[in-house]
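For reference, the structure is listed below as structure tokens.
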Amino acid sequence: KTTSSREHKVSDDVKEIIQECLSEFISFVTSETNKMTHREYKKTINPEDVIAVIASLGFDDYVEPVTVFLNKYRVEDPSARP
């Protein structure tokens, strides 16, 4: 068990379940993004495609944080720009 705060601990089973859920979510978003880019005759998936799919799937609350992260990443690593 690890401590996530001073008062709570997260069991290994819970951590494993969360990791499995996140892996499934990433696979689902990637698959949907692949389908979208295929329909649009694109050969490369870019971050904006992923953000568009996240929004289209109804995960609107994630669009802004992902966009903020992407912009920070691009500032730190200029070679990551499209």
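Labeling convention for the structure tokens: chains A, B, ... as they appear, residues from 1 per chain, ligands from 1 in order of appearance.
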If we count only C-alpha atoms and set the cut-off at 12 Å, which residues sit around Thr67 in chain A, ignoring sequence neighbours fewer than 3 positions away in its own chain? Please answer as a CSV table (one decimal) with all heavy atoms, in the first residue's frame.
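Generated file (out37.csv):
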chain,number,residue,atom,x,y,z
A,47,PRO,N,-2.1,15.4,-32.3
A,47,PRO,CA,-2.7,15.6,-31.0
A,47,PRO,C,-4.1,16.3,-31.1
A,47,PRO,O,-5.0,16.0,-30.3
A,47,PRO,CB,-1.7,16.5,-30.3
A,47,PRO,CG,-0.4,16.2,-30.9
A,47,PRO,CD,-0.7,15.9,-32.3
A,48,GLU,N,-4.3,17.2,-32.1
A,48,GLU,CA,-5.5,17.8,-32.3
A,48,GLU,C,-6.6,16.8,-32.7
A,48,GLU,O,-7.8,17.0,-32.3
A,48,GLU,CB,-5.4,18.9,-33.3
A,48,GLU,CG,-4.6,20.2,-32.8
A,48,GLU,CD,-3.1,20.0,-32.8
A,48,GLU,OE1,-2.6,19.0,-33.4
A,48,GLU,OE2,-2.4,20.8,-32.2
A,49,ASP,N,-6.3,15.8,-33.4
A,49,ASP,CA,-7.2,14.7,-33.7
A,49,ASP,C,-7.7,14.0,-32.4
A,49,ASP,O,-8.9,13.8,-32.3
A,49,ASP,CB,-6.6,13.7,-34.6
A,49,ASP,CG,-6.2,14.2,-36.0
A,49,ASP,OD1,-6.9,15.2,-36.5
A,49,ASP,OD2,-5.2,13.8,-36.6
A,50,VAL,N,-6.8,13.7,-31.5
A,50,VAL,CA,-7.1,13.1,-30.3
A,50,VAL,C,-8.0,14.0,-29.5
A,50,VAL,O,-9.1,13.5,-28.9
A,50,VAL,CB,-5.9,12.7,-29.5
A,50,VAL,CG1,-6.2,12.1,-28.1
A,50,VAL,CG2,-5.0,11.7,-30.3
A,51,ILE,N,-7.7,15.3,-29.4
A,51,ILE,CA,-8.6,16.2,-28.6
A,51,ILE,C,-10.0,16.3,-29.2
A,51,ILE,O,-11.0,16.3,-28.5
A,51,ILE,CB,-7.9,17.6,-28.6
A,51,ILE,CG1,-6.6,17.5,-27.7
A,51,ILE,CG2,-8.8,18.6,-28.0
A,51,ILE,CD1,-5.7,18.7,-27.7
A,52,ALA,N,-10.0,16.3,-30.6
A,52,ALA,CA,-11.4,16.3,-31.2
A,52,ALA,C,-12.2,15.1,-30.9
A,52,ALA,O,-13.4,15.2,-30.6
A,52,ALA,CB,-11.2,16.5,-32.7
A,54,ILE,N,-11.8,13.2,-28.2
A,54,ILE,CA,-12.2,13.2,-26.8
A,54,ILE,C,-13.5,14.1,-26.6
A,54,ILE,O,-14.4,13.7,-25.9
A,54,ILE,CB,-11.0,13.8,-25.9
A,54,ILE,CG1,-9.9,12.7,-25.9
A,54,ILE,CG2,-11.5,14.2,-24.5
A,54,ILE,CD1,-8.6,13.3,-25.2
A,55,ALA,N,-13.5,15.2,-27.3
A,55,ALA,CA,-14.7,16.1,-27.3
A,55,ALA,C,-15.9,15.4,-27.9
A,55,ALA,O,-17.0,15.4,-27.3
A,55,ALA,CB,-14.4,17.4,-28.0
A,60,ASP,N,-15.9,16.3,-22.6
A,60,ASP,CA,-15.6,17.7,-22.7
A,60,ASP,C,-14.7,18.3,-21.5
A,60,ASP,O,-13.9,19.2,-21.7
A,60,ASP,CB,-16.9,18.5,-22.8
A,60,ASP,CG,-17.7,18.1,-24.0
A,60,ASP,OD1,-17.1,17.9,-25.0
A,60,ASP,OD2,-18.9,18.1,-23.9
A,61,ASP,N,-14.9,17.7,-20.4
A,61,ASP,CA,-14.1,18.2,-19.2
A,61,ASP,C,-12.6,17.9,-19.4
A,61,ASP,O,-11.8,18.5,-18.7
A,61,ASP,CB,-14.6,17.5,-17.9
A,61,ASP,CG,-16.0,18.0,-17.5
A,61,ASP,OD1,-16.4,19.0,-18.0
A,61,ASP,OD2,-16.6,17.3,-16.7
A,62,TYR,N,-12.2,17.1,-20.3
A,62,TYR,CA,-10.8,16.7,-20.5
A,62,TYR,C,-10.2,17.6,-21.6
A,62,TYR,O,-9.0,17.6,-21.7
A,62,TYR,CB,-10.7,15.3,-20.8
A,62,TYR,CG,-11.0,14.3,-19.7
A,62,TYR,CD1,-12.3,13.8,-19.6
A,62,TYR,CD2,-10.1,14.0,-18.7
A,62,TYR,CE1,-12.6,12.9,-18.5
A,62,TYR,CE2,-10.4,13.2,-17.7
A,62,TYR,CZ,-11.7,12.7,-17.6
A,62,TYR,OH,-12.0,11.9,-16.5
A,63,VAL,N,-11.0,18.2,-22.4
A,63,VAL,CA,-10.4,18.9,-23.6
A,63,VAL,C,-9.5,20.1,-23.1
A,63,VAL,O,-8.4,20.2,-23.6
A,63,VAL,CB,-11.6,19.5,-24.5
A,63,VAL,CG1,-11.0,20.4,-25.5
A,63,VAL,CG2,-12.3,18.3,-25.1
A,64,GLU,N,-9.9,20.9,-22.2
A,64,GLU,CA,-9.1,22.0,-21.8
A,64,GLU,C,-7.8,21.5,-21.1
A,64,GLU,O,-6.7,22.0,-21.5
A,64,GLU,CB,-9.8,23.0,-20.9
A,64,GLU,CG,-9.0,24.2,-20.5
A,64,GLU,CD,-9.7,25.1,-19.6
A,64,GLU,OE1,-11.0,25.0,-19.4
A,64,GLU,OE2,-9.1,26.1,-19.1
A,70,LEU,N,-0.8,19.9,-23.7
A,70,LEU,CA,-0.1,19.9,-25.0
A,70,LEU,C,0.6,21.2,-25.3
A,70,LEU,O,1.8,21.1,-25.8
A,70,LEU,CB,-1.2,19.7,-26.1
A,70,LEU,CG,-0.7,19.7,-27.6
A,70,LEU,CD1,0.3,18.6,-27.8
A,70,LEU,CD2,-1.9,19.6,-28.5
A,71,ASN,N,0.0,22.3,-25.0
A,71,ASN,CA,0.7,23.6,-25.2
A,71,ASN,C,2.0,23.7,-24.4
A,71,ASN,O,3.0,24.2,-24.9
A,71,ASN,CB,-0.3,24.7,-25.0
A,71,ASN,CG,-1.3,24.8,-26.0
A,71,ASN,OD1,-1.2,24.3,-27.2
A,71,ASN,ND2,-2.5,25.4,-25.7
A,72,LYS,N,1.9,23.3,-23.1
A,72,LYS,CA,3.1,23.3,-22.3
A,72,LYS,C,4.2,22.4,-22.8
A,72,LYS,O,5.4,22.8,-22.8
A,72,LYS,CB,2.7,22.9,-20.9
A,72,LYS,CG,2.0,24.0,-20.1
A,72,LYS,CD,1.7,23.5,-18.7
A,72,LYS,CE,0.9,24.6,-17.9
A,72,LYS,NZ,0.6,24.1,-16.5
A,73,TYR,N,3.8,21.3,-23.3
A,73,TYR,CA,4.7,20.3,-23.9
A,73,TYR,C,5.4,20.9,-25.1
A,73,TYR,O,6.6,20.7,-25.2
A,73,TYR,CB,4.0,19.0,-24.2
A,73,TYR,CG,4.9,18.0,-24.9
A,73,TYR,CD1,5.8,17.3,-24.2
A,73,TYR,CD2,4.7,17.7,-26.2
A,73,TYR,CE1,6.6,16.3,-24.8
A,73,TYR,CE2,5.5,16.8,-26.9
A,73,TYR,CZ,6.5,16.1,-26.1
A,73,TYR,OH,7.3,15.2,-26.7
A,74,ARG,N,4.6,21.5,-25.9
A,74,ARG,CA,5.2,22.1,-27.1
A,74,ARG,C,6.2,23.3,-26.8
A,74,ARG,O,7.1,23.5,-27.5
A,74,ARG,CB,4.1,22.6,-28.1
A,74,ARG,CG,3.4,21.4,-28.7
A,74,ARG,CD,2.3,21.9,-29.6
A,74,ARG,NE,1.8,20.8,-30.4
A,74,ARG,CZ,0.7,20.8,-31.1
A,74,ARG,NH1,-0.1,21.8,-31.0
A,74,ARG,NH2,0.3,19.7,-31.8
Which of chain A end up as helix (DSSP H, G or I) when DSSP is run on this backbone - answer as JSON, numbers by chain? {"A": [12, 13, 14, 15, 16, 17, 18, 19, 20, 21, 22, 23, 24, 25, 26, 27, 28, 29, 30, 31, 32, 33, 34, 35, 36, 37, 38, 39, 47, 48, 49, 50, 51, 52, 53, 54, 55, 56, 60, 61, 62, 63, 64, 65, 66, 67, 68, 69, 70, 71, 72, 73, 74, 75, 76, 78, 79, 80]}
Could you state the separation of CA of Lys35 in chain A and CA of Pro78 in chain A in Å, given to one decimal place? 28.2 Å
Please indicate the distance in Å from CA of Pro65 in chain A to CA of Glu20 in chain A, rounded to one decimal place.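 For CA of Pro65 in chain A relative to CA of Glu20 in chain A, the distance reads 21.6 Å.
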Atomic separation - CA of Ser56 in chain A relative to CA of Arg39 in chain A, Å: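 For CA of Arg39 in chain A relative to CA of Ser56 in chain A, the distance reads 14.8 Å.
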Near-Glu32 in chain A list (9 Å; only C-alpha atoms; drop same-chain fewer than 5 positions) as a PyMOL selection string: chain A and resi 27+37+50+53+57
Strand (DSSP E or B) residues, from DSSP on the backbone, in chain A, as a list in words: Thr2, Thr3, Lys9 and Val10 of chain A
